[in-house]
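What follows is input00.txt (compact mmCIF, C-alpha atoms).
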# COMPACT_ATOMS: atom_id res chain seq x y z
CA MET C 1 1.17 11.58 8.96
CA CYS C 2 4.09 12.96 10.82
CA GLY C 3 6.07 15.42 8.78
CA THR C 4 9.35 14.52 10.44
CA CYS C 5 9.56 10.83 9.78
CA GLY C 6 6.58 9.95 7.61
CA CYS C 7 4.90 7.77 10.21
CA SER C 8 1.20 7.32 9.80
CA GLY C 9 0.16 8.46 13.25
CA GLY C 10 -1.35 11.76 12.24
CA ALA C 11 -3.29 10.99 9.07
CA VAL C 12 -6.51 12.98 8.86
CA VAL C 13 -9.73 11.22 7.87
CA GLN C 14 -12.66 13.34 6.74
CA LEU C 15 -16.10 12.20 5.68
CA LEU C 16 -17.80 14.18 2.94
CA ALA C 17 -21.29 12.86 2.50
CA ALA C 18 -24.88 14.05 2.20
CA GLY C 19 -24.04 17.72 2.37
CA HIS C 20 -22.22 17.83 5.67
CA GLU C 21 -18.72 17.07 6.81
CA HIS C 22 -17.04 15.50 9.80
CA ARG C 23 -13.43 16.23 10.34
CA ARG C 24 -11.63 13.95 12.66
CA SER C 25 -8.04 13.51 13.40
CA HIS C 26 -7.23 10.08 14.67
CA GLN C 27 -4.46 7.98 16.06
CA HIS C 28 -4.15 4.37 15.06
CA GLY C 29 -1.57 2.84 17.26
CA THR C 30 1.58 3.88 15.44
CA LYS C 31 1.85 7.13 17.26
CA GLY C 32 4.80 8.72 18.87
CA HIS C 33 8.26 7.38 18.74
CA GLY C 34 10.42 9.91 20.36
CA HIS C 35 10.38 13.05 18.24
CA ASP C 36 7.37 14.64 19.87
CA GLN C 37 9.58 17.48 20.98
CA ASP C 38 9.51 18.52 17.34
CA HIS C 39 5.80 18.78 16.79
CA GLY C 40 3.98 17.34 19.75
CA ASP C 41 1.85 14.75 17.99
CA GLY C 42 3.15 11.80 19.93
CA ASP C 43 3.47 10.85 23.54
CA GLY C 44 6.59 8.80 23.48
CA PRO C 45 7.03 5.23 22.49
CA GLY C 46 3.70 3.97 23.76
CA HIS C 47 2.51 0.65 22.45
CA ASP C 48 -0.45 -1.34 23.54
CA ASP C 49 0.01 -4.48 21.49
CA ALA C 50 -0.79 -7.74 23.12
CA GLY C 51 1.86 -10.43 23.13
CA HIS C 52 4.73 -8.51 24.69
CA LEU C 53 7.88 -10.42 25.43
CA HIS C 54 8.80 -9.10 28.84
CA ILE C 55 12.44 -9.10 29.84
CA GLN C 56 12.65 -10.44 33.35
CA GLY C 57 14.95 -8.95 35.98
CA PRO C 58 17.80 -6.53 35.53
CA ALA C 59 19.48 -6.53 32.17
CA ALA C 60 22.69 -8.50 32.39
CA ASP C 61 24.85 -9.20 29.37
CA GLU C 62 23.84 -8.30 25.89
CA ARG C 63 21.88 -11.14 24.40
CA THR C 64 20.09 -12.00 21.21
CA VAL C 65 16.32 -12.28 21.01
CA ILE C 66 15.04 -14.06 17.91
CA LEU C 67 12.00 -12.33 16.46
CA GLN C 68 11.60 -13.62 12.85
CA GLN C 69 8.80 -11.15 12.38
CA LYS C 70 7.63 -9.55 9.17
CA VAL C 71 8.20 -5.81 9.26
CA LEU C 72 4.75 -5.22 7.82
CA ALA C 73 3.08 -7.82 10.05
CA LYS C 74 0.98 -5.21 11.83
CA ASN C 75 -0.16 -3.62 8.57
CA ASP C 76 -0.95 -7.03 7.09
CA GLU C 77 -2.89 -8.07 10.17
CA ILE C 78 -5.06 -4.94 10.06
CA ALA C 79 -5.53 -5.43 6.30
CA GLN C 80 -6.64 -9.01 6.84
CA ARG C 81 -9.15 -7.90 9.49
CA SER C 82 -10.55 -5.33 7.06
CA ARG C 83 -10.72 -7.95 4.31
CA GLU C 84 -12.73 -10.30 6.52
CA TRP C 85 -14.99 -7.46 7.66
CA LEU C 86 -15.63 -6.48 4.04
CA ARG C 87 -16.31 -10.08 2.98
CA ASN C 88 -18.69 -10.62 5.86
CA ARG C 89 -20.56 -7.49 4.86
CA GLY C 90 -20.55 -8.42 1.19
CA VAL C 91 -18.60 -5.34 0.11
CA LEU C 92 -16.11 -5.27 -2.76
CA ALA C 93 -13.06 -3.12 -2.01
CA VAL C 94 -10.76 -2.16 -4.84
CA ASN C 95 -7.36 -0.47 -4.49
CA LEU C 96 -6.73 1.97 -7.37
CA MET C 97 -3.14 2.90 -7.97
CA SER C 98 -1.34 4.93 -10.61
CA SER C 99 1.14 7.72 -11.04
CA PRO C 100 -0.22 11.22 -10.34
CA GLY C 101 -2.40 12.49 -13.17
CA ALA C 102 -3.23 9.15 -14.78
CA GLY C 103 -6.93 9.80 -14.32
CA LYS C 104 -7.98 7.88 -11.21
CA THR C 105 -10.31 10.57 -9.93
CA LEU C 106 -11.90 11.31 -13.30
CA LEU C 107 -12.56 7.60 -13.82
CA LEU C 108 -14.16 7.40 -10.37
CA GLU C 109 -16.31 10.46 -11.10
CA ARG C 110 -17.57 8.91 -14.32
CA THR C 111 -18.04 5.52 -12.65
CA ALA C 112 -20.05 7.06 -9.78
CA ARG C 113 -22.28 9.01 -12.20
CA GLU C 114 -22.87 6.19 -14.66
CA LEU C 115 -23.42 3.45 -12.12
CA ALA C 116 -25.73 5.58 -9.94
CA GLY C 117 -28.89 3.60 -9.27
CA LYS C 118 -27.23 0.35 -10.47
CA LEU C 119 -24.34 -0.21 -8.08
CA ARG C 120 -23.79 1.45 -4.69
CA LEU C 121 -20.37 3.02 -4.70
CA SER C 122 -18.37 4.86 -2.08
CA VAL C 123 -14.83 6.13 -2.17
CA ILE C 124 -11.82 6.45 0.12
CA GLU C 125 -9.64 9.20 -1.29
CA GLY C 126 -5.95 9.26 -0.43
CA ASP C 127 -3.94 12.41 -1.09
CA GLN C 128 -1.12 14.11 0.71
CA GLU C 129 -3.17 17.28 1.12
CA THR C 130 -6.51 18.92 0.28
CA THR C 131 -10.05 17.62 -0.07
CA LEU C 132 -10.20 18.60 -3.76
CA ASP C 133 -10.62 15.05 -5.05
CA ALA C 134 -13.15 14.15 -2.37
CA ARG C 135 -15.24 17.16 -3.38
CA ARG C 136 -15.20 16.03 -6.99
CA ILE C 137 -16.38 12.56 -5.96
CA GLN C 138 -19.01 14.03 -3.66
CA ALA C 139 -20.30 16.17 -6.53
CA ALA C 140 -20.53 13.00 -8.62
CA GLY C 141 -22.94 11.60 -6.04
CA ALA C 142 -20.89 9.07 -4.06
CA ALA C 143 -20.18 9.02 -0.33
CA VAL C 144 -16.52 9.75 0.17
CA VAL C 145 -13.91 9.83 2.90
CA GLN C 146 -10.79 11.88 2.37
CA ILE C 147 -7.56 10.68 3.98
CA ASN C 148 -4.74 13.20 3.94
CA THR C 149 -1.46 11.43 4.48
CA GLY C 150 0.59 14.59 4.98
CA ALA C 151 4.18 13.64 4.22
CA GLY C 152 3.15 10.05 3.50
CA CYS C 153 3.46 8.62 0.03
CA HIS C 154 0.91 5.81 0.37
CA LEU C 155 -2.17 4.67 2.24
CA ASP C 156 -1.69 1.99 4.88
CA ALA C 157 -4.09 -0.57 6.30
CA ALA C 158 -4.78 1.39 9.50
CA MET C 159 -5.80 4.50 7.57
CA VAL C 160 -8.13 2.48 5.37
CA ALA C 161 -9.61 0.60 8.34
CA GLU C 162 -10.49 3.97 9.87
CA GLY C 163 -11.85 5.17 6.53
CA LEU C 164 -14.05 2.07 6.28
CA ARG C 165 -15.34 2.59 9.81
CA VAL C 166 -16.33 6.17 9.01
CA LEU C 167 -17.76 5.28 5.59
CA ASP C 168 -19.80 2.31 6.88
CA PRO C 169 -20.45 0.84 3.41
CA PRO C 170 -23.64 -1.23 2.93
CA GLY C 171 -23.61 -4.86 1.76
CA GLY C 172 -23.62 -5.37 -1.99
CA SER C 173 -21.70 -2.14 -2.56
CA ILE C 174 -18.25 -1.22 -3.83
CA VAL C 175 -15.59 0.77 -1.98
CA MET C 176 -13.05 2.34 -4.29
CA ILE C 177 -9.82 3.13 -2.50
CA GLU C 178 -7.97 5.79 -4.49
CA ASN C 179 -4.39 5.50 -3.33
CA VAL C 180 -1.87 8.33 -3.32
CA GLY C 181 -0.60 8.88 -6.88
CA ASN C 182 2.67 6.97 -6.82
CA LEU C 183 3.86 3.83 -8.61
CA VAL C 184 6.37 2.79 -5.95
CA CYS C 185 5.31 2.92 -2.31
CA PRO C 186 1.63 1.83 -2.48
CA ALA C 187 2.76 -1.51 -3.95
CA LEU C 188 4.05 -2.62 -0.55
CA PHE C 189 1.01 -2.00 1.59
CA ASP C 190 -1.92 -4.40 1.71
CA LEU C 191 -5.05 -2.39 2.51
CA GLY C 192 -7.48 -5.31 2.83
CA GLU C 193 -8.76 -4.88 -0.72
CA GLU C 194 -10.13 -7.70 -2.85
CA ALA C 195 -8.45 -6.52 -6.05
CA LYS C 196 -5.74 -4.16 -7.19
CA VAL C 197 -6.33 -1.91 -10.17
CA VAL C 198 -3.40 -0.12 -11.79
CA ILE C 199 -4.12 2.72 -14.20
CA SER C 200 -1.67 3.63 -16.95
CA SER C 201 -2.30 6.45 -19.38
CA VAL C 202 -1.13 7.14 -22.91
CA THR C 203 0.39 10.46 -21.86
CA GLU C 204 2.96 8.49 -19.85
CA GLY C 205 5.73 6.31 -21.22
CA ALA C 206 4.56 2.96 -22.58
CA ASP C 207 7.40 1.34 -20.65
CA LYS C 208 5.94 2.09 -17.19
CA PRO C 209 5.23 -1.60 -16.45
CA VAL C 210 8.90 -2.58 -16.70
CA LYS C 211 10.08 0.56 -14.93
CA TYR C 212 7.77 -0.09 -11.97
CA PRO C 213 7.51 -3.89 -11.97
CA ASN C 214 6.60 -4.24 -8.29
CA MET C 215 3.45 -2.23 -8.88
CA PHE C 216 2.33 -3.80 -12.14
CA ARG C 217 3.16 -7.35 -11.00
CA GLN C 218 0.43 -7.20 -8.38
CA ALA C 219 -2.30 -5.79 -10.60
CA ASP C 220 -5.43 -7.85 -11.11
CA ILE C 221 -6.42 -5.48 -13.90
CA VAL C 222 -4.55 -2.72 -15.73
CA LEU C 223 -6.60 0.07 -17.26
CA LEU C 224 -4.93 2.03 -20.04
CA ASN C 225 -6.60 5.44 -19.81
CA LYS C 226 -6.79 8.51 -22.08
CA ILE C 227 -7.00 6.46 -25.27
CA ASP C 228 -8.88 9.39 -26.83
CA LEU C 229 -5.46 11.08 -27.00
CA LEU C 230 -3.76 8.25 -28.91
CA PRO C 231 -3.82 10.16 -32.24
CA TYR C 232 -1.85 13.00 -30.64
CA VAL C 233 0.79 11.21 -28.60
CA ASP C 234 3.62 8.84 -29.31
CA PHE C 235 2.38 5.84 -27.37
CA ASP C 236 2.77 2.28 -28.61
CA THR C 237 -0.09 0.25 -27.14
CA LYS C 238 1.49 -3.00 -28.37
CA SER C 239 4.78 -2.38 -26.59
CA HIS C 240 2.88 -1.34 -23.45
CA ALA C 241 0.96 -4.62 -23.55
CA ALA C 242 4.16 -6.58 -24.20
CA ASP C 243 5.95 -4.85 -21.30
CA LEU C 244 3.00 -5.54 -19.04
CA ARG C 245 3.12 -9.22 -19.96
CA LYS C 246 6.79 -9.31 -18.94
CA VAL C 247 5.93 -8.40 -15.37
CA SER C 248 2.34 -9.55 -15.03
CA PRO C 249 1.33 -12.40 -17.33
CA ARG C 250 -2.06 -12.80 -15.69
CA ALA C 251 -3.38 -9.25 -15.26
CA MET C 252 -6.43 -8.38 -17.32
CA MET C 253 -5.96 -5.38 -19.64
CA LEU C 254 -8.56 -2.85 -20.71
CA GLN C 255 -8.28 0.32 -22.76
CA LEU C 256 -10.59 3.20 -22.00
CA SER C 257 -11.04 6.94 -21.80
CA ALA C 258 -12.45 8.38 -18.60
CA THR C 259 -13.00 11.65 -20.53
CA THR C 260 -15.05 10.35 -23.46
CA GLY C 261 -16.36 7.13 -21.91
CA GLN C 262 -14.90 4.95 -24.64
CA GLY C 263 -14.21 1.46 -23.28
CA VAL C 264 -15.61 2.08 -19.80
CA GLN C 265 -18.29 -0.59 -20.21
CA GLY C 266 -15.61 -3.29 -19.83
CA TRP C 267 -14.56 -1.70 -16.54
CA TYR C 268 -18.16 -1.62 -15.29
CA ASP C 269 -18.65 -5.25 -16.29
CA TRP C 270 -15.48 -6.19 -14.41
CA LEU C 271 -16.78 -4.42 -11.29
CA ARG C 272 -20.22 -5.97 -11.60
CA ARG C 273 -18.82 -9.47 -11.86
CA ARG C 274 -16.97 -9.00 -8.58
CA THR C 275 -19.59 -7.20 -6.55
CA PRO C 276 -21.29 -9.51 -4.03
CA ALA C 277 -25.06 -9.69 -3.95
CA PRO C 278 -26.54 -7.77 -1.00
CA HIS C 279 -27.21 -9.93 2.03
CA GLU C 280 -30.82 -10.77 2.76
CA MET V 1 10.13 6.91 0.14
CA HIS V 2 8.22 4.13 1.86
CA GLU V 3 11.43 3.12 3.65
CA LEU V 4 10.58 5.77 6.24
CA ALA V 5 7.31 4.03 7.06
CA ILE V 6 9.04 0.64 6.84
CA THR V 7 11.73 1.71 9.30
CA GLU V 8 9.07 3.06 11.58
CA GLY V 9 7.35 -0.31 11.35
CA VAL V 10 10.60 -1.91 12.56
CA VAL V 11 10.71 0.36 15.61
CA ASP V 12 7.03 -0.28 16.38
CA ALA V 13 7.42 -4.04 16.02
CA VAL V 14 10.50 -4.23 18.23
CA THR V 15 9.23 -1.94 20.97
CA GLY V 16 5.88 -3.74 20.82
CA ARG V 17 7.48 -7.14 21.36
CA LEU V 18 10.11 -6.01 23.85
CA PRO V 19 8.68 -3.05 25.75
CA GLY V 20 11.23 -1.18 27.82
CA ALA V 21 14.19 -3.26 26.62
CA ARG V 22 17.31 -1.39 25.59
CA ILE V 23 18.03 -2.58 22.08
CA THR V 24 21.66 -2.52 21.00
CA CYS V 25 21.40 -4.18 17.61
CA VAL V 26 18.65 -4.82 15.07
CA ARG V 27 19.07 -7.47 12.38
CA LEU V 28 16.89 -7.19 9.32
CA GLU V 29 16.43 -9.34 6.27
CA ILE V 30 15.61 -7.27 3.19
CA GLY V 31 15.26 -9.58 0.21
CA ALA V 32 16.39 -8.39 -3.20
CA LEU V 33 12.77 -8.65 -4.44
CA SER V 34 11.14 -7.03 -1.39
CA GLY V 35 10.79 -3.62 -3.03
CA VAL V 36 12.70 -1.99 -0.19
CA VAL V 37 16.08 -0.30 -0.61
CA PRO V 38 18.44 -1.25 2.26
CA ASP V 39 20.44 1.97 1.96
CA SER V 40 17.28 4.02 2.39
CA VAL V 41 16.43 2.05 5.53
CA ARG V 42 19.94 2.72 6.84
CA PHE V 43 19.45 6.39 6.06
CA CYS V 44 16.17 6.52 8.00
CA PHE V 45 17.19 4.32 10.91
CA ASP V 46 18.99 6.88 13.10
CA LEU V 47 16.30 9.48 12.53
CA VAL V 48 13.43 7.14 13.33
CA THR V 49 15.04 5.48 16.36
CA GLU V 50 15.98 8.74 18.05
CA GLY V 51 14.34 8.97 21.46
CA THR V 52 13.16 5.34 21.36
CA ASP V 53 14.49 2.18 23.01
CA LEU V 54 16.36 1.56 19.77
CA GLN V 55 18.34 4.79 19.86
CA GLY V 56 22.00 4.14 19.14
CA ALA V 57 21.36 0.53 18.12
CA ARG V 58 23.49 -1.02 15.41
CA LEU V 59 21.66 -1.97 12.23
CA GLU V 60 22.67 -5.15 10.40
CA ILE V 61 20.95 -5.95 7.13
CA SER V 62 21.20 -9.22 5.25
CA GLU V 63 20.15 -9.08 1.61
CA PRO V 64 19.26 -12.56 0.30
CA PRO V 65 19.10 -12.71 -3.50
CA GLY V 66 15.95 -13.51 -5.44
CA ARG V 67 15.10 -17.06 -6.52
CA CYS V 68 12.27 -17.94 -8.90
CA LYS V 69 10.68 -20.99 -10.48
CA CYS V 70 9.26 -20.78 -13.97
CA ARG V 71 5.69 -22.08 -14.29
CA VAL V 72 6.20 -22.81 -17.97
CA CYS V 73 9.52 -24.69 -18.22
CA GLY V 74 9.82 -25.60 -14.53
CA ASP V 75 13.38 -24.34 -14.19
CA GLU V 76 14.61 -22.46 -11.17
CA PHE V 77 16.59 -19.31 -11.83
CA ALA V 78 18.06 -16.22 -10.19
CA PRO V 79 16.28 -13.17 -11.61
CA ASP V 80 18.38 -10.42 -13.09
CA GLY V 81 16.95 -7.35 -11.36
CA PRO V 82 13.33 -6.75 -10.39
CA ILE V 83 11.84 -8.01 -13.66
CA LEU V 84 11.27 -11.70 -13.12
CA LEU V 85 11.86 -13.14 -16.55
CA CYS V 86 12.87 -16.78 -16.98
CA PRO V 87 15.71 -17.42 -19.45
CA CYS V 88 13.11 -19.38 -21.49
CA GLY V 89 11.27 -16.10 -22.07
CA SER V 90 8.33 -16.70 -19.74
CA ALA V 91 7.26 -14.11 -17.18
CA ASP V 92 4.92 -16.57 -15.51
CA VAL V 93 7.08 -17.32 -12.49
CA ALA V 94 6.72 -18.02 -8.79
CA VAL V 95 9.03 -16.26 -6.35
CA LEU V 96 10.71 -18.81 -4.09
CA ALA V 97 13.05 -16.53 -2.15
CA GLY V 98 14.15 -12.94 -1.80
CA HIS V 99 10.79 -11.28 -1.23
CA ASP V 100 10.88 -11.26 2.55
CA LEU V 101 11.14 -8.16 4.65
CA LYS V 102 11.57 -9.16 8.25
CA ILE V 103 13.21 -8.54 11.59
CA THR V 104 15.25 -11.65 12.23
CA SER V 105 16.57 -10.81 15.69
CA VAL V 106 17.61 -8.03 18.03
CA MET V 107 20.26 -7.75 20.72
CA VAL V 108 19.18 -6.57 24.12
CA ALA V 109 21.49 -5.00 26.70

Can you turn what I pasted into structure tokens?
Amino acid sequence: MCGTCGCSGGAVVQLLAAGHEHRRSHQHGTKGHGHDQDHGDGDGPGHDDAGHLHIQGPAADERTVILQQKVLAKNDEIAQRSREWLRNRGVLAVNLMSSPGAGKTLLLERTARELAGKLRLSVIEGDQETTLDARRIQAAGAAVVQINTGAGCHLDAAMVAEGLRVLDPPGGSIVMIENVGNLVCPALFDLGEEAKVVISSVTEGADKPVKYPNMFRQADIVLLNKIDLLPYVDFDTKSHAADLRKVSPRAMMLQLSATTGQGVQGWYDWLRRRTPAPHE
Amino acid sequence: MHELAITEGVVDAVTGRLPGARITCVRLEIGALSGVVPDSVRFCFDLVTEGTDLQGARLEISEPPGRCKCRVCGDEFAPDGPILLCPCGSADVAVLAGHDLKITSVMVA
């Protein structure tokens, strides 16, 4: 991602699997829009989309061109392509979102270890910088792709599409997409996932659902993590549940501890129910 | 600050549809329930359009309010802020309007 404007042109995708690494920098069509003098990662406003509306002849008077186009149309289109690709392959993709430090990576580590041999699992890790989380997942035995978004505060559909291409998940498996820790921006970007998982934790305020309604409203399931710490913190699980119901009356709720393993069975059951059978 | 990426999406969409055209005005619709802050988009717009066909273009943003329909009592209501709670107390609502984020039109010189 470009450090000047936050565009997603320069995200870095790295595969960490089976003891060796590929590092590849890639462009995904949103490159360059006129500030390449600053850091040279773009080549001007180049766009190769089909469906151009060409202006014929010399420009005369100023005139209005009606577009009526969704701003995120391109992202949504890529996400939909990924979703169809995943469905055709029989792969369940899940988008995990939370604030930083809610326990996404620890839950994925435990999930990878405990489901090893039962469910095939691979992970797309999104962080601004470092491969620290990807190394933790790799050590837990799952194939993992790290996407570093640089200045970016969220994963977008193009980054995930590239991650999926590199990861090449087999049918009947699960791809966990660990989004950048952030309860605001990731809510806007469809990644092509089948379900959205939002993780809360008891070390945060119980009122997070009403403070970040756009995020919690979209959740298919909300996991309340770190319940092993409930005796030591001032967290009202009832008010958290009530606040969640105010923004998301349909989301499933589970309480668990990624540290002790308490409650994780419900999470595994939820995953199992959604994972397609491998194709013949 | 996803408005940066959003604004960049506007530039990409416009230059993709109208390659080479000199854009003098961009009109956006940012619904009250879209999750995007119009002022942040305004803040990013000059920075993101610099050096593109949109450089110097005017930015006009319309901000339609939210409109919801309660699935429990059936009433339509205007939500008070981003928490979509029907006056009857139900949070089980459908969003009818105000969630769009789109480029309505541009002016070309």

Legend entry - Residues of chain V within 6 Å of chain C, all atoms listed in the file counted, as a list in words: His2, Leu4, Ala5, Gly9, Val10, Gly16, Arg17, Leu18, Gly51, Thr52, Ala91, Asp92, Leu101, Lys102, Ile103, Thr104, Ser105, Val106, Met107, Val108 and Ala109 of chain V

Would you write out those residues with C-alpha atoms, as a short mmCIF file (atom, residue, chain, number, x, y, z; two decimals), keeping the file's coordinate frame?
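Dumped to selection_12.cif:
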data_model
loop_
_atom_site.label_atom_id
_atom_site.label_comp_id
_atom_site.auth_asym_id
_atom_site.auth_seq_id
_atom_site.Cartn_x
_atom_site.Cartn_y
_atom_site.Cartn_z
CA HIS V 2 8.22 4.13 1.86
CA LEU V 4 10.58 5.77 6.24
CA ALA V 5 7.31 4.03 7.06
CA GLY V 9 7.35 -0.31 11.35
CA VAL V 10 10.60 -1.91 12.56
CA GLY V 16 5.88 -3.74 20.82
CA ARG V 17 7.48 -7.14 21.36
CA LEU V 18 10.11 -6.01 23.85
CA GLY V 51 14.34 8.97 21.46
CA THR V 52 13.16 5.34 21.36
CA ALA V 91 7.26 -14.11 -17.18
CA ASP V 92 4.92 -16.57 -15.51
CA LEU V 101 11.14 -8.16 4.65
CA LYS V 102 11.57 -9.16 8.25
CA ILE V 103 13.21 -8.54 11.59
CA THR V 104 15.25 -11.65 12.23
CA SER V 105 16.57 -10.81 15.69
CA VAL V 106 17.61 -8.03 18.03
CA MET V 107 20.26 -7.75 20.72
CA VAL V 108 19.18 -6.57 24.12
CA ALA V 109 21.49 -5.00 26.70
#

Legend entry - Between atom CA of C:Val264 and atom CA of C:Lys118, distance in Å (one decimal):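 For atom CA of C:Val264 relative to atom CA of C:Lys118, the distance reads 15.0 Å.
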
Legend entry - Nearest to C:Arg120, chosen from C:Gly150, C:Gly103, C:Pro169, C:Gly192, with all atoms listed in the file counted in the distances: C:Pro169

With 4 Å on each side, where is the centre of the axis-aligned box around all listed atoms of stretch 81-91 of chain C, and how long are its edges in Å to one decimal, as JSON?
{"center_x": -14.9, "center_y": -8.0, "center_z": 4.8, "size_x": 19.4, "size_y": 13.3, "size_z": 17.4}

Inset, instruction - Determine, counting all atoms listed in the file, every residue of protein, DNA or RNA that lies within 6 Å of (9.1, -18.9, -12.7) in the file coordinates, then give the result as a PyMOL selection string. - result: chain V and resi 68-71+92-94

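The gap separating atom CA of C:Leu119 from atom CA of C:Gly141 is 12.1 Å, in Å to one decimal.
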
Inset, instruction - Just give me the gap between atom CA of V:Gly35 and atom CA of V:Gly98 in Å, one decimal is fine. - result: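 Interatomic distance here is 10.0 Å.
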
Inset, instruction - Counting only C-alpha atoms, note down every residue that has an atom within 6 Å of the point (17.7, -8.3, 9.5) (file coordinates), as a ChimeraX atom specification. - result: /V:27-29,60-62,103-104

Inset, instruction - Using all atoms listed in the file, pick whichever of V:Leu47, V:Ala21, V:Ile6, V:Ala32 has the shortest atom-to-atom distance to V:Val95. - result: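 The answer is V:Ala32, which sits nearest to V:Val95.
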
Inset, instruction - Rank nothing, just name the residue among V:Ala97, V:Leu33, V:Val48, V:Cys25 nearest to V:Asp12, using all atoms listed in the file. - result: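 Closest candidate: V:Val48.
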